[in-house]
Amino acid sequence: MFVPVGNASPTFKDSILIMPAVSVGNVGQLAVDLLISSLNMPCVGYIHTDCLIPMVGNDPYATSEESSSELCTNAEVYFLPEKKLAVLQIRSPTVKSKTRQFRHLILSWIKSNRFSQSILLSSSHAYQCDDRQLSGSPLRYLQTLEMKNIIGDKLQKLDLNELETTPAFPGIRETEQQLWIPGGGITKRFFTECSSEHIPLAVLLIFCSEGDNIPEAFTLMNFLNQWLHLVETTGEVESHNWKIPCSWKLLFGSGIPPAIF
């Protein structure tokens with residue numbers, strides 16, 4: 001479960017939790033990277049679980065040679081107590097047979113720490129959009145009833161569309177509707193389980209394709225900032241002061257060695 005860094009364990013009560021779904025294009029994870037880097041959020045612990053594929057690497061937000069030697073793991077928690085903001089960054093997919101167990105682990109952690117709100121950043125395959133989703137903004141949202149009771153119609157006022165439902169049996173029985181989030185990883189089931197457990201959760205997702213999805217990460221974070229005011233904006237056009245993580249220089253590997261030519 002949660003293992004704190006150092007002796008003191010942080011108090012997350014009444015804080016907002018932001019986390020990504022490991023989904024198409026890794027947009028949620030890139031967006032969370034951008035948030036952690038921009039706010040210079042310190043790591044306060046990690047989630048110890050065998051539900052995720054193991055991984056370890058260098059600090060992706062290093063600002064000096066000294067900090068670059070620090071290690072990161074597959075699920076780390078960052079926290080700014082003055083902003084009442086916690087971020088869980090997930091860096092590897094779940095083990096296929098333990099996806100349900102991982103969802104329940106995160107649900108239990110959210111409930112036990114009494115977060116005031118939880119926000120899941122996700123994505124869905126653009127090529128599977130239906131006719132209603134082909135024009136306008138690629139952003140969509142979902143919210144549990146408990147989240148709606150807290151924030152009201154704030155997301156609608158920001159001109160964000162709720163994710164459309166689709167027929168469970170297209171062409172046969174159109175009246176039975178369902179949520180359909182292809183490529184969304186744990187998003188659909190996590191949202192359904194949060195609804196059943198009466199957890200205040202909002203899902204922000206974007207339609208995208210595999211490839212370089214840095215622009216989609218900026219789009220997602222710009223909207224989130226419009227909602228929560230996480231970083232300052234400058235200028236009349238609201239230029240956001242995002243700080244790109246140093247690790248993004250190697251998103252597609254290192255450059256081609258000149259010596260091979």
# chains A, B, ... in the order shown; residues from 1 in each chain; ligands from 1
$ select_by_dssp --residues "region 18-243 of chain A" --states "strand (DSSP E)" --output "JSON, numbers by chain"
{"A": [18, 19, 20, 43, 44, 45, 46, 47, 56, 57, 58, 71, 72, 73, 75, 76, 77, 78, 79, 80, 85, 86, 87, 88, 89, 90, 117, 118, 119, 120, 121, 122, 123, 124, 125, 139, 140, 141, 142, 143, 161, 162, 166, 167, 168, 169, 173, 174, 175, 176, 177, 178, 201, 202, 203, 204, 205, 206, 207, 208, 233, 234, 239, 240]}
$ residues_around --residues "Cys72 (chain A)" --least-positions-apart "4" --cutoff "6 Å" --atoms "only C-alpha atoms" --output "VMD selection string"
chain A and resid 56 to 59
$ write_last_selection --atoms "C-alpha atoms" --output "PDB file, in the first residue's frame"
ATOM      1  CA  VAL A  56      12.510   1.830 -11.863  1.00  0.00           C
ATOM      2  CA  GLY A  57      14.259   4.810 -13.436  1.00  0.00           C
ATOM      3  CA  ASN A  58      15.960   8.118 -12.849  1.00  0.00           C
ATOM      4  CA  ASP A  59      14.083  11.108 -11.439  1.00  0.00           C
TER       5      ASP A  59
END
$ atom_distance --atom1 "CA of Leu80 (chain A)" --atom2 "CA of Ala31 (chain A)"
17.1 Å
$ residues_around --residues "region 145-160 of chain A" --least-positions-apart "4" --cutoff "7 Å" --atoms "only C-alpha atoms" --output "PyMOL selection string"
chain A and resi 139-140+198-202
$ residues_around --residues "Glu216 (chain A)" --least-positions-apart "2" --cutoff "10 Å" --atoms "only C-alpha atoms" --output "list in words"
Gly25, Asn26, Val27, Gly28, Leu30, Ala31, Ser123, Pro138, Leu139, Leu205, Ile206, Phe207, Cys208, Ser209, Asp212, Asn213, Ile214, Phe218, Thr219, Leu220, Met221 and Asn222 of chain A
$ closest_residue --among "A:Cys129, A:Ala75, A:Leu230, A:Val87" --to "Gly183 (chain A)" --atoms "only C-alpha atoms"
A:Cys129
$ closest_residue --among "A:Glu70, A:Asp50, A:Asp131, A:Glu197" --to "Gln101 (chain A)" --atoms "only C-alpha atoms"
A:Asp50
$ closest_residue --among "A:Leu71, A:Met1, A:Leu204, A:Cys194" --to "Pro20 (chain A)" --atoms "only C-alpha atoms"
A:Leu204
